[in-house]
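Enquirer: Got a structure for you, questions after.
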Amino acid sequence: MKKSSNLLTLFIFIAMLLGIGTGYAVYSIYGTPAAAAVPGGPVQQSTAQIFADRISILTDIFLRLVKMIIAPLVFSTLVVGVAKMGDIKAVGRIGGKTMLWFISATFVSLFLGLVLVNIMKPGISLNLPLPDTHAATGIAKADMTLKGFFHHVVPDSVIDAMAKNEILQIVIFSLFFGIAAAAIGDKAAPVVKLMDAIAHIMLKVTGFVMNFAPFAVFGAMAAIIAVKGPGILITYGKFIIQFYAGLLSLWVVLALVGFLILGKRVFRLLGGIKDPLLLAFGTASSEAAYPRTMAELERFGCDNRIVSFVLPLGYSFNLDGSMMYMTFASLFIAQAYGMHLGIEQQITMLLVLMITSKGIAGVPRASLVVIAGTLSMFHIPEAGLLLLLGVDHLLDMGRSATNVIGNAMATAVVSKWENKLGPSDATESLS
């Protein structure tokens with residue numbers, strides 16, 4: 001699996017380079033402005049623009065495939081995730097404290113990403129033209145009233161919501177379905193088992209779809225370079241640097257909150273998870289670091305029952321690095337198309353992402369799937385996703401490492417709140 005993932009990343013990188021080279025060749029030869037249109041006559045396109053329109057068919061196919069998997073993927077994974085949690089009342093005090101941390105950390109991560117992308121404005125310099133299909137509707141349709149928002153949240157038909165890929169409505173139905181399945185216990189076991197099988201099938205389908213990503217990246221890079229020229233690549237470097245600066249600020253916030261609760265032991269915790277953190281960064285997979293993280297937390301002094309409860313739950317509900325990326329990337333794409341979202345719309349996006357980001361942690365390129373649903377909800381061109389796919393692996397390395405820190409901190413804090421944080425092995429050996 002890891003070799004396959006690394007191979008796909010290599011192919012995406014090669015496709016990005018080939019796309020840049022192809023686009024630059026077209027831009028150098030044909031990248032002249034379109035001839036002035038005769039008054040009353042048809043608007044003429046440059047050869048480069050015609051090339052971009054045709055090569056971007058590859059990206060359109062990929063985006064349609066991504067949208068194809070959203071509804072069944074979100075429904076099956078979220079139902080299984082909620083149902084396997086069991087009765088919330090039975091989970092009791094620990095579950096409540098865990099969810100309190102998860103919800104707070106998710107909000108902070110999303111909000112920090114929102115604030116930083118508004119300050120840094122990494123997408124402004126792109127100045128991409130708005131596609132005709134989106135220019136006709138405009139951003140005004142995303143301007144929701146409070147009544148309109150709740151009408152949009154609550155589905156009147158789950159079939160209709162799935163047909164239209166209304167991801168938030170699918171999530172609401174999935175939550176009700178999952179909680180009901182957990183409430184009736186053994187009677188729902190066959191259904192949960194079926195949903196689990198469907199979830200695994202959809203994860204496999206997602207893997208198949210992602211295999212088309214190199215072609216999509218080639219088409220996207222070739223199209224944008226052919227029309228905008230190579231100078232646009234500077235924006236990619238800026239975006240990567242600014243996103244990592246955002247992750248660093250999130251690390252500082254998590255460490256500060258951890259210090260307030262754990263005291264100086266937070267530094268021992270951060271030092272102890274160094275190896276799993278580096279493993280997650282190197283493989284771009286927080287799941288790869290799971291066994292090492294669990295062992296280090298128990299060595300740190302966390303109760304093994306709390307570790308076995310909080311840590312797995314965190315991998316579905318507490319992916320802090322991914323949360324920051326979702327607001328950062330969504331607003332970056334909006335900025336790239338010159339679409340201004342007001343503060344009300346941005347807060348609505350934040351609240352939407354708090355819900356839609358749950359339950360699909362095991363999905364390859366999960367952030368891409370969640371962002372795809374969010375962009376369509378706010379009438380932002382989904383084609384903007386391909387601006388990021390070429391460098392997604394570099395971004396995922398930082399996200400994965402941040403996810404490990406967030407989940408380790410959550411487990412240690414809940415252990416402290418439950419008075420179940422014993423001395424670490426290192427402390428015991430010194431005393």
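The way I read the labels, and the way they are meant: chains A, B, ... in the order of the structure tokens, residue 1 as the first residue of every chain, and ligand 1 as the first ligand shown, with later ones counted on from there.
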Apply DSSP to the structure's backbone, then extract all residues of range 277-420 of chain A labelled alpha helix (DSSP H) and return them as JSON, numbers by chain.
Expert: {"A": [277, 278, 279, 280, 281, 282, 283, 290, 291, 292, 293, 294, 295, 296, 297, 298, 299, 300, 304, 305, 306, 307, 308, 309, 310, 311, 312, 313, 314, 315, 316, 317, 320, 321, 322, 323, 324, 325, 326, 327, 328, 329, 330, 331, 332, 333, 334, 335, 336, 343, 344, 345, 346, 347, 348, 349, 350, 351, 352, 353, 354, 355, 356, 366, 367, 368, 369, 370, 371, 372, 373, 374, 375, 376, 377, 386, 387, 388, 389, 392, 393, 394, 395, 396, 397, 398, 399, 400, 401, 402, 403, 404, 405, 406, 407, 408, 409, 410, 411, 412, 413, 414, 415, 416, 417]}
Enquirer: Extract, using only C-alpha atoms, all DNA, RNA and protein residues at most 12 Å from Ile201 in chain A, discarding same-chain residues fewer than 2 positions from it, and format them as a PyMOL selection string.
Expert: chain A and resi 69+72-73+76-77+194-199+203-208+363
Enquirer: Taking only C-alpha atoms into account, which of A:Val154, A:Ala280, A:Leu126, A:Ile355 comes nearest Leu78 in chain A?
Expert: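 Using only C-alpha atoms, the shortest distance to Leu78 in chain A belongs to A:Ile355.
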Enquirer: How many Å separate CA of Ile61 in chain A from CA of Phe212 in chain A?
Expert: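 Computed distance, CA of Ile61 in chain A to CA of Phe212 in chain A, equals 9.0 Å.
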Enquirer: What are the closest atom pairs, with distances in Å to one decimal, for each residue of range 360-404 of chain A lying within 10 Å of range 213-218 of chain A, using only C-alpha atoms, rows by chain and rising residue number, as CSV?
Expert:
residue,atom,partner,partner_atom,distance
A:Leu385,CA,A:Val217,CA,9.9
A:Leu386,CA,A:Val217,CA,6.3
A:Leu387,CA,A:Val217,CA,8.3
A:Leu388,CA,A:Val217,CA,9.0
A:Leu389,CA,A:Val217,CA,6.7
A:Gly390,CA,A:Val217,CA,6.0
A:Val391,CA,A:Val217,CA,9.8
Enquirer: Filtering to N, CA and C atoms, could you give me those residues as a PDB file, in the first residue's frame?
Expert:
ATOM      1  N   LEU A 385      -9.365  23.017  -7.268  1.00  0.00           N
ATOM      2  CA  LEU A 385      -8.721  21.929  -6.522  1.00  0.00           C
ATOM      3  C   LEU A 385      -7.415  21.499  -7.191  1.00  0.00           C
ATOM      4  N   LEU A 386      -7.396  21.551  -8.521  1.00  0.00           N
ATOM      5  CA  LEU A 386      -6.220  21.079  -9.248  1.00  0.00           C
ATOM      6  C   LEU A 386      -5.041  22.031  -9.101  1.00  0.00           C
ATOM      7  N   LEU A 387      -5.299  23.245  -8.602  1.00  0.00           N
ATOM      8  CA  LEU A 387      -4.198  24.163  -8.300  1.00  0.00           C
ATOM      9  C   LEU A 387      -3.323  23.593  -7.191  1.00  0.00           C
ATOM     10  N   LEU A 388      -3.935  22.787  -6.322  1.00  0.00           N
ATOM     11  CA  LEU A 388      -3.237  22.295  -5.135  1.00  0.00           C
ATOM     12  C   LEU A 388      -2.788  20.844  -5.239  1.00  0.00           C
ATOM     13  N   LEU A 389      -3.405  20.083  -6.130  1.00  0.00           N
ATOM     14  CA  LEU A 389      -3.151  18.645  -6.148  1.00  0.00           C
ATOM     15  C   LEU A 389      -1.693  18.327  -6.455  1.00  0.00           C
ATOM     16  N   GLY A 390      -1.061  19.124  -7.306  1.00  0.00           N
ATOM     17  CA  GLY A 390       0.328  18.869  -7.673  1.00  0.00           C
ATOM     18  C   GLY A 390       1.303  18.975  -6.507  1.00  0.00           C
ATOM     19  N   VAL A 391       0.962  19.815  -5.519  1.00  0.00           N
ATOM     20  CA  VAL A 391       1.846  19.986  -4.357  1.00  0.00           C
ATOM     21  C   VAL A 391       1.206  19.413  -3.098  1.00  0.00           C
TER      22      VAL A 391
END
Enquirer: Which one of A:Ala48, A:Leu278, A:Leu394, A:Ala220 sits closest to Tyr27 in chain A if you count only C-alpha atoms?
Expert: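 Ranking A:Ala48, A:Leu278, A:Leu394, A:Ala220 by distance to Tyr27 in chain A, first place goes to A:Ala48.
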Enquirer: As an exercise, work out the distance from CA of Val153 in chain A to CA of Ala189 in chain A in Å and give it to one decimal place.
Expert: 28.2 Å
Enquirer: May I ask which of the residues A:Ala15, A:Leu297, A:Ala83, A:Leu63 is the closest one to Pro190 in chain A, counting only C-alpha atoms?
Expert: A:Ala83
Enquirer: Mind checking which residues fall within 12 Å of Val158 in chain A, counting only C-alpha atoms, ignoring those fewer than 3 positions away in the same chain, and posting them as a list in words?
Expert: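 Final neighbour list, sorted by chain and number: Ala71, Pro72, Phe75, Val153, Val154, Pro155, Ala161, Met162, Ala163, Lys164, Asn165, Glu166, Ile167, Leu168, Gln169, Ile170, Val171, Ile172, Phe173, Ser174, Phe176 and Phe177 of chain A.
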Enquirer: Let's have the selection written as a PDB file, in the first residue's frame, with C-alpha atoms.
Expert:
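For reference, again-v3.pdb as written:
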ATOM      1  CA  ALA A  71     -22.198  10.904  -1.256  1.00  0.00           C
ATOM      2  CA  PRO A  72     -21.712   7.132  -0.714  1.00  0.00           C
ATOM      3  CA  PHE A  75     -22.600   8.293   4.268  1.00  0.00           C
ATOM      4  CA  VAL A 153     -28.640  21.982   6.445  1.00  0.00           C
ATOM      5  CA  VAL A 154     -31.740  19.832   7.031  1.00  0.00           C
ATOM      6  CA  PRO A 155     -32.677  17.579   4.101  1.00  0.00           C
ATOM      7  CA  ALA A 161     -29.444  15.315  -1.174  1.00  0.00           C
ATOM      8  CA  MET A 162     -27.302  12.446  -2.453  1.00  0.00           C
ATOM      9  CA  ALA A 163     -28.321  13.061  -6.066  1.00  0.00           C
ATOM     10  CA  LYS A 164     -27.266  16.711  -5.772  1.00  0.00           C
ATOM     11  CA  ASN A 165     -24.181  16.010  -3.613  1.00  0.00           C
ATOM     12  CA  GLU A 166     -25.499  18.222  -0.810  1.00  0.00           C
ATOM     13  CA  ILE A 167     -22.760  17.038   1.518  1.00  0.00           C
ATOM     14  CA  LEU A 168     -23.971  18.809   4.658  1.00  0.00           C
ATOM     15  CA  GLN A 169     -27.450  17.313   4.336  1.00  0.00           C
ATOM     16  CA  ILE A 170     -25.889  13.877   3.826  1.00  0.00           C
ATOM     17  CA  VAL A 171     -23.867  14.363   7.000  1.00  0.00           C
ATOM     18  CA  ILE A 172     -26.970  15.306   9.018  1.00  0.00           C
ATOM     19  CA  PHE A 173     -28.814  12.174   7.872  1.00  0.00           C
ATOM     20  CA  SER A 174     -25.703  10.032   8.477  1.00  0.00           C
ATOM     21  CA  PHE A 176     -29.063  10.467  12.787  1.00  0.00           C
ATOM     22  CA  PHE A 177     -28.651   7.063  11.147  1.00  0.00           C
TER      23      PHE A 177
END
Enquirer: For the atom pair CA of Asn304 in chain A and CA of Asn419 in chain A, what is the interatomic distance in Å to one decimal place?
Expert: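 Pair CA of Asn304 in chain A / CA of Asn419 in chain A returns 13.0 Å.
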Enquirer: Using only C-alpha atoms, determine which residues lie at most 12 Å from Gly246 in chain A, disregarding the query and same-chain residues fewer than 3 positions distant; provide the list as a PyMOL selection string.
Expert: chain A and resi 109-120+239-243+249-253+320-325+327-329+395+398-399+402
Enquirer: I'd like the contact shell of Ser308 in chain A - 10 Å cut-off, only C-alpha atoms, skipping same-chain residues fewer than 3 positions apart - returned as a PyMOL selection string.
Expert: chain A and resi 294+298+303-305+311-313+411
Enquirer: Out of A:Ile124, A:Val414, A:Ile14, A:Ala182, which residue has the shortest atom-to-atom distance to Val310 in chain A when counting only C-alpha atoms?
Expert: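 Once distances to Val310 in chain A are computed over only C-alpha atoms, the minimum belongs to A:Val414.
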Enquirer: Within 7 Å of Gly219 in chain A, counting only C-alpha atoms, which residues qualify if same-chain residues fewer than 2 places away don't, as a PDB file with all heavy atoms, in the first residue's frame?
Expert:
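Output file part-v2.pdb follows:
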ATOM      1  N   GLY A  19       3.445  18.776 -17.237  1.00  0.00           N
ATOM      2  CA  GLY A  19       2.431  19.793 -17.492  1.00  0.00           C
ATOM      3  C   GLY A  19       3.027  21.186 -17.562  1.00  0.00           C
ATOM      4  O   GLY A  19       2.663  21.989 -18.431  1.00  0.00           O
ATOM      5  N   ILE A  55      -7.165  20.650 -23.147  1.00  0.00           N
ATOM      6  CA  ILE A  55      -6.393  19.797 -22.245  1.00  0.00           C
ATOM      7  C   ILE A  55      -7.047  19.716 -20.867  1.00  0.00           C
ATOM      8  O   ILE A  55      -6.876  18.740 -20.131  1.00  0.00           O
ATOM      9  CB  ILE A  55      -4.932  20.301 -22.120  1.00  0.00           C
ATOM     10  CG1 ILE A  55      -4.011  19.207 -21.575  1.00  0.00           C
ATOM     11  CG2 ILE A  55      -4.857  21.535 -21.233  1.00  0.00           C
ATOM     12  CD1 ILE A  55      -3.804  18.052 -22.512  1.00  0.00           C
ATOM     13  N   SER A  56      -7.836  20.743 -20.529  1.00  0.00           N
ATOM     14  CA  SER A  56      -8.485  20.747 -19.213  1.00  0.00           C
ATOM     15  C   SER A  56      -9.629  19.742 -19.132  1.00  0.00           C
ATOM     16  O   SER A  56     -10.208  19.545 -18.057  1.00  0.00           O
ATOM     17  CB  SER A  56      -9.006  22.144 -18.876  1.00  0.00           C
ATOM     18  OG  SER A  56      -9.999  22.554 -19.806  1.00  0.00           O
ATOM     19  N   LEU A  58      -9.182  16.701 -19.186  1.00  0.00           N
ATOM     20  CA  LEU A  58      -8.644  15.714 -18.250  1.00  0.00           C
ATOM     21  C   LEU A  58      -9.005  16.073 -16.813  1.00  0.00           C
ATOM     22  O   LEU A  58      -9.367  15.208 -16.009  1.00  0.00           O
ATOM     23  CB  LEU A  58      -7.124  15.617 -18.403  1.00  0.00           C
ATOM     24  CG  LEU A  58      -6.598  15.041 -19.723  1.00  0.00           C
ATOM     25  CD1 LEU A  58      -5.079  15.194 -19.796  1.00  0.00           C
ATOM     26  CD2 LEU A  58      -6.996  13.573 -19.857  1.00  0.00           C
ATOM     27  N   THR A  59      -8.889  17.347 -16.477  1.00  0.00           N
ATOM     28  CA  THR A  59      -9.221  17.767 -15.112  1.00  0.00           C
ATOM     29  C   THR A  59     -10.719  17.664 -14.858  1.00  0.00           C
ATOM     30  O   THR A  59     -11.144  17.314 -13.757  1.00  0.00           O
ATOM     31  CB  THR A  59      -8.750  19.212 -14.849  1.00  0.00           C
ATOM     32  OG1 THR A  59      -9.570  20.111 -15.595  1.00  0.00           O
ATOM     33  CG2 THR A  59      -7.317  19.407 -15.262  1.00  0.00           C
ATOM     34  N   PHE A 215      -3.050  12.404 -14.519  1.00  0.00           N
ATOM     35  CA  PHE A 215      -3.565  12.968 -15.768  1.00  0.00           C
ATOM     36  C   PHE A 215      -4.237  14.316 -15.510  1.00  0.00           C
ATOM     37  O   PHE A 215      -4.098  15.266 -16.295  1.00  0.00           O
ATOM     38  CB  PHE A 215      -4.559  11.999 -16.412  1.00  0.00           C
ATOM     39  CG  PHE A 215      -3.964  10.675 -16.777  1.00  0.00           C
ATOM     40  CD1 PHE A 215      -4.113   9.577 -15.939  1.00  0.00           C
ATOM     41  CD2 PHE A 215      -3.248  10.517 -17.952  1.00  0.00           C
ATOM     42  CE1 PHE A 215      -3.564   8.346 -16.272  1.00  0.00           C
ATOM     43  CE2 PHE A 215      -2.698   9.289 -18.293  1.00  0.00           C
ATOM     44  CZ  PHE A 215      -2.846   8.210 -17.452  1.00  0.00           C
ATOM     45  N   ALA A 216      -4.969  14.380 -14.398  1.00  0.00           N
ATOM     46  CA  ALA A 216      -5.637  15.631 -14.051  1.00  0.00           C
ATOM     47  C   ALA A 216      -4.632  16.732 -13.742  1.00  0.00           C
ATOM     48  O   ALA A 216      -4.806  17.890 -14.142  1.00  0.00           O
ATOM     49  CB  ALA A 216      -6.566  15.408 -12.850  1.00  0.00           C
ATOM     50  N   VAL A 217      -3.563  16.377 -13.017  1.00  0.00           N
ATOM     51  CA  VAL A 217      -2.538  17.359 -12.686  1.00  0.00           C
ATOM     52  C   VAL A 217      -1.841  17.839 -13.958  1.00  0.00           C
ATOM     53  O   VAL A 217      -1.585  19.042 -14.130  1.00  0.00           O
ATOM     54  CB  VAL A 217      -1.507  16.756 -11.709  1.00  0.00           C
ATOM     55  CG1 VAL A 217      -0.296  17.659 -11.560  1.00  0.00           C
ATOM     56  CG2 VAL A 217      -2.163  16.532 -10.350  1.00  0.00           C
ATOM     57  N   MET A 221      -1.937  21.774 -14.909  1.00  0.00           N
ATOM     58  CA  MET A 221      -0.709  22.563 -14.980  1.00  0.00           C
ATOM     59  C   MET A 221      -0.459  23.059 -16.402  1.00  0.00           C
ATOM     60  O   MET A 221      -0.072  24.215 -16.615  1.00  0.00           O
ATOM     61  CB  MET A 221       0.481  21.739 -14.497  1.00  0.00           C
ATOM     62  CG  MET A 221       0.413  21.332 -13.033  1.00  0.00           C
ATOM     63  SD  MET A 221       0.218  22.720 -11.890  1.00  0.00           S
ATOM     64  CE  MET A 221       1.750  23.591 -12.165  1.00  0.00           C
ATOM     65  N   ALA A 222      -0.669  22.179 -17.387  1.00  0.00           N
ATOM     66  CA  ALA A 222      -0.461  22.590 -18.774  1.00  0.00           C
ATOM     67  C   ALA A 222      -1.403  23.722 -19.156  1.00  0.00           C
ATOM     68  O   ALA A 222      -0.998  24.694 -19.818  1.00  0.00           O
ATOM     69  CB  ALA A 222      -0.660  21.396 -19.713  1.00  0.00           C
ATOM     70  N   ALA A 223      -2.650  23.632 -18.729  1.00  0.00           N
ATOM     71  CA  ALA A 223      -3.638  24.650 -19.076  1.00  0.00           C
ATOM     72  C   ALA A 223      -3.305  25.997 -18.449  1.00  0.00           C
ATOM     73  O   ALA A 223      -3.335  27.043 -19.117  1.00  0.00           O
ATOM     74  CB  ALA A 223      -5.033  24.181 -18.642  1.00  0.00           C
TER      75      ALA A 223
END
Enquirer: Using only C-alpha atoms, find the one residue out of A:Leu277, A:Ala410, A:Ala181, A:Ile70 that sits nearest to Leu368 in chain A.
Expert: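 That would be A:Ile70, the residue with the smallest distance to Leu368 in chain A.
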Enquirer: Between A:Asn318, A:Gln346, A:Asn403, A:Ser286, which has the minimum distance to Met99 in chain A (counting only C-alpha atoms)?
Expert: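 The shortest atom-to-atom distance to Met99 in chain A comes from A:Asn318.
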